[in-house]
$ cat coords-v1.tsv   # TSV, C-alpha atoms (C1' of nucleotides)
chain	number	residue	atom	x	y	z
A	1	MET	CA	0.00	0.00	0.00
A	2	PRO	CA	1.84	3.15	-1.14
A	3	ASN	CA	1.43	6.51	0.58
A	4	GLN	CA	-1.01	9.23	-0.45
A	5	GLN	CA	0.28	12.49	-1.86
A	6	PRO	CA	-0.05	14.82	1.14
A	7	SER	CA	1.70	12.53	3.60
A	8	LEU	CA	0.06	11.51	6.82
A	9	ASP	CA	3.43	12.11	8.45
A	10	LEU	CA	3.37	15.82	7.74
A	11	MET	CA	-0.32	16.08	8.44
A	12	PHE	CA	-0.22	14.53	11.92
A	13	GLN	CA	3.04	16.31	12.61
A	14	ALA	CA	1.33	19.60	11.80
A	15	LEU	CA	-1.48	18.82	14.23
A	16	ALA	CA	0.87	17.80	17.04
A	17	ASP	CA	1.53	21.36	18.21
A	18	PRO	CA	-0.99	23.39	20.24
A	19	ALA	CA	-0.05	26.66	18.57
A	20	ARG	CA	-0.72	25.13	15.17
A	21	ARG	CA	-3.99	23.58	16.29
A	22	GLY	CA	-4.93	27.01	17.59
A	23	MET	CA	-4.25	28.44	14.17
A	24	VAL	CA	-6.37	25.76	12.56
A	25	GLU	CA	-9.21	26.46	14.99
A	26	ARG	CA	-9.00	30.14	14.16
A	27	LEU	CA	-8.99	29.41	10.44
A	28	SER	CA	-11.93	27.05	10.68
A	29	ARG	CA	-13.94	30.16	11.60
A	30	GLY	CA	-12.76	31.88	8.41
A	31	PRO	CA	-9.66	33.14	6.60
A	32	ALA	CA	-7.13	35.28	8.44
A	33	SER	CA	-3.89	37.16	7.88
A	34	VAL	CA	-0.59	36.07	9.40
A	35	SER	CA	-0.67	38.76	12.07
A	36	GLU	CA	-4.25	37.88	12.98
A	37	LEU	CA	-3.09	34.31	13.52
A	38	ALA	CA	-0.17	35.58	15.54
A	39	ARG	CA	-2.13	37.94	17.80
A	40	PRO	CA	-3.31	35.40	20.42
A	41	LEU	CA	-0.07	33.44	20.27
A	42	ASP	CA	2.59	34.79	22.63
A	43	MET	CA	5.47	34.39	20.13
A	44	SER	CA	7.35	36.29	17.43
A	45	LEU	CA	6.06	36.65	13.91
A	46	PRO	CA	8.84	34.53	12.39
A	47	ALA	CA	7.85	31.73	14.74
A	48	VAL	CA	4.28	31.95	13.51
A	49	MET	CA	5.53	31.86	9.92
A	50	GLN	CA	7.35	28.64	10.63
A	51	HIS	CA	4.24	27.10	12.09
A	52	LEU	CA	2.31	28.26	9.07
A	53	ALA	CA	4.89	26.64	6.80
A	54	MET	CA	4.34	23.32	8.58
A	55	LEU	CA	0.59	23.61	8.21
A	56	GLU	CA	1.06	24.25	4.50
A	57	ALA	CA	3.51	21.36	4.21
A	58	GLY	CA	0.88	19.14	5.80
A	59	GLY	CA	-1.65	20.32	3.23
A	60	ILE	CA	-3.95	21.63	5.94
A	61	VAL	CA	-3.72	25.29	5.07
A	62	THR	CA	-3.07	27.37	1.98
A	63	SER	CA	-2.12	31.02	1.82
A	64	GLU	CA	-1.86	33.71	-0.78
A	65	LYS	CA	-0.23	37.08	-0.63
A	66	VAL	CA	-2.09	40.12	-1.91
A	67	GLY	CA	-0.36	43.44	-1.51
A	68	ARG	CA	1.52	43.22	1.75
A	69	VAL	CA	-0.96	40.91	3.41
A	70	ARG	CA	-0.85	37.13	3.33
A	71	THR	CA	-4.25	35.55	3.79
A	72	CYS	CA	-4.54	31.99	5.06
A	73	GLN	CA	-7.34	29.48	4.61
A	74	ILE	CA	-8.07	25.94	5.64
A	75	GLN	CA	-7.82	23.31	2.94
A	76	PRO	CA	-11.21	21.68	3.45
A	77	GLN	CA	-10.70	18.10	2.34
A	78	ALA	CA	-7.23	17.87	3.87
A	79	LEU	CA	-8.15	16.72	7.34
A	80	SER	CA	-10.37	14.01	5.91
A	81	LEU	CA	-7.27	11.98	5.06
A	82	ALA	CA	-6.23	11.85	8.70
A	83	GLU	CA	-9.79	11.21	9.78
A	84	GLN	CA	-10.00	8.34	7.31
A	85	TRP	CA	-6.88	6.70	8.62
A	86	ILE	CA	-8.11	6.86	12.19
A	87	ASN	CA	-11.51	5.55	11.18
A	88	GLN	CA	-10.01	2.61	9.35
A	89	ARG	CA	-8.05	1.59	12.44
A	90	ARG	CA	-11.13	1.93	14.58
A	91	THR	CA	-13.35	-0.18	12.35
A	92	GLN	CA	-10.60	-2.73	11.85
A	93	TRP	CA	-10.28	-3.01	15.58
A	94	ALA	CA	-14.06	-3.22	16.04
A	95	GLN	CA	-14.33	-6.00	13.45
A	96	ARG	CA	-11.69	-7.98	15.23
A	97	LEU	CA	-13.58	-7.68	18.48
A	98	ASP	CA	-16.76	-8.82	16.71
A	99	ARG	CA	-15.04	-11.91	15.34
A	100	LEU	CA	-13.59	-12.59	18.75
A	101	GLY	CA	-17.06	-12.24	20.23
A	102	ASP	CA	-18.51	-14.66	17.67
A	103	PHE	CA	-15.75	-17.13	18.39
A	104	LEU	CA	-16.29	-16.99	22.12
A	105	ALA	CA	-20.06	-17.30	21.65
A	106	ALA	CA	-19.54	-20.36	19.43
A	107	GLU	CA	-17.25	-21.90	22.03
A	108	GLY	CA	-19.96	-21.39	24.59
A	109	ASP	CA	-22.55	-23.10	22.34
A	110	ASP	CA	-20.31	-26.10	21.78
A	111	LYS	CA	-20.04	-26.83	25.47
B	1	MET	CA	-11.30	24.94	28.11
B	2	PRO	CA	-8.61	22.82	29.85
B	3	ASN	CA	-6.82	19.95	28.17
B	4	GLN	CA	-7.93	16.31	28.41
B	5	GLN	CA	-5.67	13.87	30.20
B	6	PRO	CA	-4.06	12.11	27.20
B	7	SER	CA	-2.94	15.24	25.37
B	8	LEU	CA	-3.70	15.74	21.71
B	9	ASP	CA	-0.07	16.84	21.36
B	10	LEU	CA	1.29	13.44	22.31
B	11	MET	CA	-1.43	11.64	20.43
B	12	PHE	CA	-0.87	13.36	17.08
B	13	GLN	CA	2.86	13.26	17.68
B	14	ALA	CA	2.62	9.51	18.11
B	15	LEU	CA	0.74	9.16	14.83
B	16	ALA	CA	3.19	11.34	12.90
B	17	ASP	CA	5.70	8.54	12.31
B	18	PRO	CA	5.18	5.79	9.72
B	19	ALA	CA	6.84	3.15	11.86
B	20	ARG	CA	4.47	3.93	14.70
B	21	ARG	CA	1.44	3.98	12.43
B	22	GLY	CA	2.62	0.61	11.16
B	23	MET	CA	2.66	-0.66	14.70
B	24	VAL	CA	-0.84	0.67	15.28
B	25	GLU	CA	-2.07	-1.01	12.10
B	26	ARG	CA	-0.57	-4.27	13.23
B	27	LEU	CA	-2.11	-3.93	16.68
B	28	SER	CA	-5.52	-3.11	15.27
B	29	ARG	CA	-5.51	-6.68	13.97
B	30	GLY	CA	-4.82	-7.97	17.47
B	31	PRO	CA	-2.31	-7.90	20.34
B	32	ALA	CA	1.37	-8.54	19.64
B	33	SER	CA	4.69	-8.86	21.40
B	34	VAL	CA	7.46	-6.29	21.01
B	35	SER	CA	9.47	-8.51	18.68
B	36	GLU	CA	6.41	-9.22	16.56
B	37	LEU	CA	5.98	-5.47	16.17
B	38	ALA	CA	9.66	-5.15	15.35
B	39	ARG	CA	9.80	-7.93	12.76
B	40	PRO	CA	8.60	-5.96	9.70
B	41	LEU	CA	10.37	-2.79	10.79
B	42	ASP	CA	13.98	-2.63	9.59
B	43	MET	CA	15.36	-1.25	12.90
B	44	SER	CA	16.85	-2.34	16.20
B	45	LEU	CA	14.74	-3.54	19.10
B	46	PRO	CA	15.61	-0.55	21.32
B	47	ALA	CA	14.35	1.73	18.55
B	48	VAL	CA	11.06	-0.14	18.49
B	49	MET	CA	10.85	0.18	22.26
B	50	GLN	CA	11.20	3.94	21.97
B	51	HIS	CA	8.41	4.09	19.42
B	52	LEU	CA	6.30	1.94	21.70
B	53	ALA	CA	6.99	4.35	24.55
B	54	MET	CA	5.67	7.24	22.45
B	55	LEU	CA	2.55	5.29	21.55
B	56	GLU	CA	1.99	4.61	25.23
B	57	ALA	CA	2.65	8.25	26.10
B	58	GLY	CA	0.02	9.22	23.55
B	59	GLY	CA	-2.41	6.84	25.22
B	60	ILE	CA	-2.85	4.87	22.00
B	61	VAL	CA	-1.35	1.61	23.17
B	62	THR	CA	-0.92	-0.22	26.45
B	63	SER	CA	1.43	-3.08	27.21
B	64	GLU	CA	1.95	-5.61	29.94
B	65	LYS	CA	4.83	-7.91	30.62
B	66	VAL	CA	4.19	-11.55	31.42
B	67	GLY	CA	7.21	-13.76	31.89
B	68	ARG	CA	9.75	-12.44	29.46
B	69	VAL	CA	7.22	-11.35	26.87
B	70	ARG	CA	5.67	-7.88	26.70
B	71	THR	CA	2.29	-7.94	24.99
B	72	CYS	CA	0.92	-4.74	23.43
B	73	GLN	CA	-2.66	-3.79	22.72
B	74	ILE	CA	-4.50	-0.83	21.24
B	75	GLN	CA	-6.34	1.41	23.65
B	76	PRO	CA	-9.71	1.38	21.90
B	77	GLN	CA	-11.22	4.74	22.82
B	78	ALA	CA	-7.93	6.58	22.54
B	79	LEU	CA	-8.04	7.53	18.88
B	80	SER	CA	-11.56	8.87	19.27
B	81	LEU	CA	-10.15	11.98	20.93
B	82	ALA	CA	-8.14	12.87	17.86
B	83	GLU	CA	-11.02	11.95	15.60
B	84	GLN	CA	-13.29	14.19	17.61
B	85	TRP	CA	-10.98	17.17	17.30
B	86	ILE	CA	-10.74	16.76	13.54
B	87	ASN	CA	-14.49	16.35	13.26
B	88	GLN	CA	-15.14	19.50	15.22
B	89	ARG	CA	-12.93	21.52	12.88
B	90	ARG	CA	-14.65	20.01	9.87
B	91	THR	CA	-18.17	20.76	11.04
B	92	GLN	CA	-17.16	24.21	12.21
B	93	TRP	CA	-15.74	24.86	8.79
B	94	ALA	CA	-18.82	23.44	7.08
B	95	GLN	CA	-21.14	25.61	9.16
B	96	ARG	CA	-19.20	28.68	8.19
B	97	LEU	CA	-19.53	27.79	4.53
B	98	ASP	CA	-23.27	27.29	5.01
B	99	ARG	CA	-23.66	30.72	6.57
B	100	LEU	CA	-21.55	32.18	3.79
B	101	GLY	CA	-23.77	30.43	1.25
B	102	ASP	CA	-26.90	31.79	2.89
B	103	PHE	CA	-25.41	35.25	2.91
B	104	LEU	CA	-24.49	35.12	-0.76
B	105	ALA	CA	-27.91	33.71	-1.65
B	106	ALA	CA	-29.58	36.57	0.25
B	107	GLU	CA	-27.39	39.08	-1.56
B	108	GLY	CA	-28.46	37.54	-4.85
B	109	ASP	CA	-32.15	37.81	-3.91
B	110	ASP	CA	-31.76	41.46	-3.03
B	111	LYS	CA	-30.39	42.41	-6.40
C	1	DT	C1'	8.20	60.80	-0.40
C	2	DC	C1'	8.38	59.20	4.11
C	3	DG	C1'	6.93	56.49	7.85
C	4	DA	C1'	4.25	52.84	9.43
C	5	DT	C1'	2.57	48.20	8.43
C	6	DA	C1'	3.03	43.42	7.17
C	7	DC	C1'	5.66	40.25	6.44
C	8	DT	C1'	10.40	37.74	5.14
C	9	DT	C1'	15.19	36.12	5.54
C	10	DA	C1'	19.10	34.68	7.92
C	11	DA	C1'	21.47	32.94	11.60
C	12	DG	C1'	21.90	31.02	16.00
C	13	DT	C1'	20.46	28.32	20.32
C	14	DC	C1'	18.60	24.71	22.98
C	15	DA	C1'	15.63	20.62	23.29
C	16	DT	C1'	13.73	16.54	21.36
C	17	DC	C1'	13.47	12.69	17.95
C	18	DA	C1'	15.10	8.72	15.67
C	19	DC	C1'	18.05	6.00	15.59
C	20	DT	C1'	22.65	3.17	16.84
C	21	DT	C1'	25.87	-0.05	19.50
C	22	DG	C1'	27.17	-2.49	23.52
C	23	DA	C1'	26.27	-4.13	27.66
C	24	DC	C1'	22.98	-6.28	30.76
C	25	DC	C1'	18.93	-8.89	33.06
C	26	DA	C1'	15.30	-12.12	33.40
C	27	DT	C1'	12.78	-16.51	31.58
C	28	DT	C1'	12.42	-20.63	29.38
C	29	DC	C1'	13.98	-24.91	27.64
C	30	DC	C1'	17.22	-28.79	27.06
D	1	DG	C1'	23.27	-25.35	34.97
D	2	DG	C1'	23.91	-23.09	30.62
D	3	DA	C1'	22.43	-21.48	26.25
D	4	DA	C1'	18.96	-19.33	23.72
D	5	DT	C1'	15.10	-16.04	23.77
D	6	DG	C1'	12.88	-11.61	24.72
D	7	DG	C1'	13.46	-7.49	26.39
D	8	DT	C1'	15.89	-3.28	28.77
D	9	DC	C1'	19.35	0.32	29.99
D	10	DA	C1'	22.80	3.72	28.88
D	11	DA	C1'	25.21	6.59	26.14
D	12	DG	C1'	26.15	8.76	21.91
D	13	DT	C1'	25.17	10.86	17.17
D	14	DG	C1'	23.01	13.46	13.61
D	15	DA	C1'	18.77	15.60	12.07
D	16	DT	C1'	14.63	18.32	13.18
D	17	DG	C1'	11.67	21.36	15.98
D	18	DA	C1'	10.59	25.47	18.26
D	19	DC	C1'	11.83	29.26	19.14
D	20	DT	C1'	14.82	33.97	19.23
D	21	DT	C1'	16.89	38.51	17.51
D	22	DA	C1'	18.46	41.46	13.96
D	23	DA	C1'	18.16	43.09	9.64
D	24	DG	C1'	15.94	43.25	5.53
D	25	DT	C1'	11.91	44.10	1.62
D	26	DA	C1'	7.69	45.37	-0.16
D	27	DT	C1'	3.23	47.82	0.12
D	28	DC	C1'	0.00	51.42	1.72
D	29	DG	C1'	-1.56	55.79	3.34
D	30	DA	C1'	-1.06	60.59	4.46
$ encode --input "coords-v1.tsv" --output "structure tokens"
Amino acid sequence: MPNQQPSLDLMFQALADPARRGMVERLSRGPASVSELARPLDMSLPAVMQHLAMLEAGGIVTSEKVGRVRTCQIQPQALSLAEQWINQRRTQWAQRLDRLGDFLAAEGDDK
Amino acid sequence: MPNQQPSLDLMFQALADPARRGMVERLSRGPASVSELARPLDMSLPAVMQHLAMLEAGGIVTSEKVGRVRTCQIQPQALSLAEQWINQRRTQWAQRLDRLGDFLAAEGDDK
DNA sequence: TCGATACTTAAGTCATCACTTGACCATTCC
DNA sequence: GGAATGGTCAAGTGATGACTTAAGTATCGA
């Protein structure tokens, strides 16, 4: 099974930092400029830029510069990849438990 | 809003590595020993142990040692926390788009 | 045109991650 | 008891992460 194009590595990595998740939460309420994203974040602007770069690398956010302002937006379908992976594990795990349950039930019947 | 006990940081961090996701995939098909987890993973046993430690820190996996064998299992409800966070962003984002759609539709009617 | 605004780049620091090798400790089995 | 099995500990290395400050570079607005 080969990897998808926007790698899960970079995606989960991007979500692993509270500052970045904060940025994503902000952006899920609508687009914002870099300094808007920075405002609540007790850190320098370059630091915020680096976080932004990781969000873009993970395919979670896109940004475009118009004039002197860079506006950031969530990439809607991006998170669904991560969600999908998690879901697959969950259902896989659930199925296993079902089979185990069936097996144990059958054992009980045999007795 | 305070943080939950198994932090999203550690959870996403744990999922950000392909070796660790591989281990989770393996474990979602059933419990396994450390060396079973290591077998497909071209790396030393201590390296695998470190990955395991991060999975445990993220609350995704638990393990117990019996005799000389340590058996690992998925922590079923663990991933749901991450899933939940992603879902919340997605619905939040979708709601915003709905409102935006309504707004644009209303604008169109007014014209 | 000049100053403020909004980033951007570069460089440096300290901590953590992802490994490694080399020893070491318990069980289990013959 | 002694060797094989299964795991653990410790220390070290090189690559990233998560910042910082200092010094730019473009707009924009008066």
$ calpha_fit_and_write --input "coords-v1.tsv" --fixed "chain A" --moving "chain B" --output "short mmCIF file (atom, residue, chain, number, x, y, z; two decimals) with C-alpha atoms, in the coordinates of the input"
data_model
loop_
_atom_site.label_atom_id
_atom_site.label_comp_id
_atom_site.auth_asym_id
_atom_site.auth_seq_id
_atom_site.Cartn_x
_atom_site.Cartn_y
_atom_site.Cartn_z
CA MET B 1 0.04 0.44 -1.05
CA PRO B 2 1.94 3.67 -1.92
CA ASN B 3 1.58 6.88 0.03
CA GLN B 4 -0.86 9.67 -0.88
CA GLN B 5 0.55 12.99 -1.98
CA PRO B 6 0.08 15.02 1.24
CA SER B 7 1.76 12.57 3.59
CA LEU B 8 0.09 11.48 6.80
CA ASP B 9 3.46 12.07 8.46
CA LEU B 10 3.42 15.79 7.76
CA MET B 11 -0.28 16.04 8.43
CA PHE B 12 -0.21 14.47 11.90
CA GLN B 13 3.05 16.25 12.62
CA ALA B 14 1.34 19.54 11.82
CA LEU B 15 -1.50 18.75 14.21
CA ALA B 16 0.83 17.72 17.04
CA ASP B 17 1.47 21.28 18.23
CA PRO B 18 -1.06 23.29 20.24
CA ALA B 19 -0.11 26.56 18.59
CA ARG B 20 -0.76 25.06 15.19
CA ARG B 21 -4.03 23.49 16.27
CA GLY B 22 -4.97 26.91 17.59
CA MET B 23 -4.28 28.36 14.18
CA VAL B 24 -6.39 25.68 12.55
CA GLU B 25 -9.25 26.37 14.96
CA ARG B 26 -9.05 30.04 14.15
CA LEU B 27 -8.99 29.35 10.42
CA SER B 28 -11.94 26.99 10.63
CA ARG B 29 -13.96 30.08 11.56
CA GLY B 30 -12.75 31.83 8.41
CA PRO B 31 -9.65 33.11 6.60
CA ALA B 32 -7.12 35.25 8.47
CA SER B 33 -3.90 37.14 7.94
CA VAL B 34 -0.61 36.03 9.47
CA SER B 35 -0.72 38.71 12.16
CA GLU B 36 -4.30 37.82 13.03
CA LEU B 37 -3.14 34.25 13.55
CA ALA B 38 -0.23 35.51 15.61
CA ARG B 39 -2.23 37.84 17.85
CA PRO B 40 -3.41 35.30 20.47
CA LEU B 41 -0.17 33.34 20.32
CA ASP B 42 2.48 34.68 22.70
CA MET B 43 5.37 34.33 20.19
CA SER B 44 7.26 36.24 17.53
CA LEU B 45 5.98 36.62 13.99
CA PRO B 46 8.78 34.52 12.46
CA ALA B 47 7.79 31.70 14.80
CA VAL B 48 4.22 31.91 13.57
CA MET B 49 5.48 31.85 10.00
CA GLN B 50 7.33 28.62 10.70
CA HIS B 51 4.21 27.04 12.14
CA LEU B 52 2.29 28.22 9.11
CA ALA B 53 4.91 26.61 6.88
CA MET B 54 4.36 23.27 8.63
CA LEU B 55 0.61 23.56 8.23
CA GLU B 56 1.11 24.23 4.54
CA ALA B 57 3.56 21.34 4.26
CA GLY B 58 0.93 19.10 5.82
CA GLY B 59 -1.56 20.30 3.22
CA ILE B 60 -3.90 21.60 5.92
CA VAL B 61 -3.69 25.27 5.07
CA THR B 62 -3.01 27.37 2.00
CA SER B 63 -2.06 31.02 1.86
CA GLU B 64 -1.80 33.74 -0.72
CA LYS B 65 -0.20 37.12 -0.56
CA VAL B 66 -2.06 40.16 -1.83
CA GLY B 67 -0.36 43.50 -1.41
CA ARG B 68 1.49 43.24 1.85
CA VAL B 69 -1.02 40.94 3.49
CA ARG B 70 -0.84 37.14 3.40
CA THR B 71 -4.25 35.56 3.83
CA CYS B 72 -4.52 31.97 5.08
CA GLN B 73 -7.31 29.48 4.59
CA ILE B 74 -8.04 25.90 5.59
CA GLN B 75 -7.75 23.29 2.89
CA PRO B 76 -11.16 21.69 3.36
CA GLN B 77 -10.61 18.09 2.26
CA ALA B 78 -7.17 17.88 3.81
CA LEU B 79 -8.10 16.67 7.27
CA SER B 80 -10.30 13.96 5.80
CA LEU B 81 -7.19 11.94 4.99
CA ALA B 82 -6.18 11.77 8.63
CA GLU B 83 -9.75 11.14 9.68
CA GLN B 84 -9.96 8.30 7.20
CA TRP B 85 -6.84 6.63 8.53
CA ILE B 86 -8.11 6.79 12.10
CA ASN B 87 -11.50 5.48 11.03
CA GLN B 88 -9.97 2.54 9.24
CA ARG B 89 -8.06 1.52 12.35
CA ARG B 90 -11.18 1.86 14.45
CA THR B 91 -13.37 -0.27 12.21
CA GLN B 92 -10.61 -2.81 11.75
CA TRP B 93 -10.32 -3.05 15.49
CA ALA B 94 -14.09 -3.28 15.91
CA GLN B 95 -14.34 -6.07 13.35
CA ARG B 96 -11.71 -8.04 15.17
CA LEU B 97 -13.64 -7.69 18.41
CA ASP B 98 -16.79 -8.85 16.63
CA ARG B 99 -15.07 -11.96 15.32
CA LEU B 100 -13.63 -12.57 18.77
CA GLY B 101 -17.12 -12.19 20.24
CA ASP B 102 -18.55 -14.65 17.74
CA PHE B 103 -15.78 -17.08 18.52
CA LEU B 104 -16.34 -16.87 22.26
CA ALA B 105 -20.10 -17.19 21.80
CA ALA B 106 -19.57 -20.32 19.68
CA GLU B 107 -17.28 -21.75 22.33
CA GLY B 108 -19.97 -21.12 24.92
CA ASP B 109 -22.59 -22.91 22.79
CA ASP B 110 -20.36 -25.93 22.40
CA LYS B 111 -19.96 -26.45 26.10
#
$ atom_distance --input "coords-v1.tsv" --atom1 "atom CA of Gln84 of chain B" --atom2 "atom CA of Ser28 of chain B"
19.1 Å
$ interface_residues --input "coords-v1.tsv" --of "chain A" --to "chain D" --cutoff "12 Å" --atoms "only C-alpha atoms (C1' of nucleotides)" --output "PyMOL selection string"
chain A and resi 13-14+16-20+42-51+54+65-70
$ interface_residues --input "coords-v1.tsv" --of "chain C" --to "chain B" --cutoff "12 Å" --atoms "only C-alpha atoms (C1' of nucleotides)" --output "list in words"
DT16, DC17, DA18, DC19, DT20, DT21, DG22, DC25, DA26, DT27 and DT28 of chain C
$ interface_residues --input "coords-v1.tsv" --of "chain B" --to "chain A" --cutoff "7 Å" --atoms "only C-alpha atoms" --output "list of chain:residue names"
B:Leu8, B:Asp9, B:Leu10, B:Phe12, B:Gln13, B:Leu15, B:Ala16, B:Asp17, B:Pro18, B:Glu25, B:Ser28, B:Arg29, B:Leu79, B:Glu83, B:Ile86, B:Arg89, B:Gln92, B:Trp93, B:Arg96
$ atom_distance --input "coords-v1.tsv" --atom1 "atom CA of Arg99 of chain A" --atom2 "atom CA of Leu37 of chain B"
22.0 Å
$ atom_distance --input "coords-v1.tsv" --atom1 "atom CA of Ala57 of chain A" --atom2 "atom CA of Gly22 of chain B"
21.9 Å
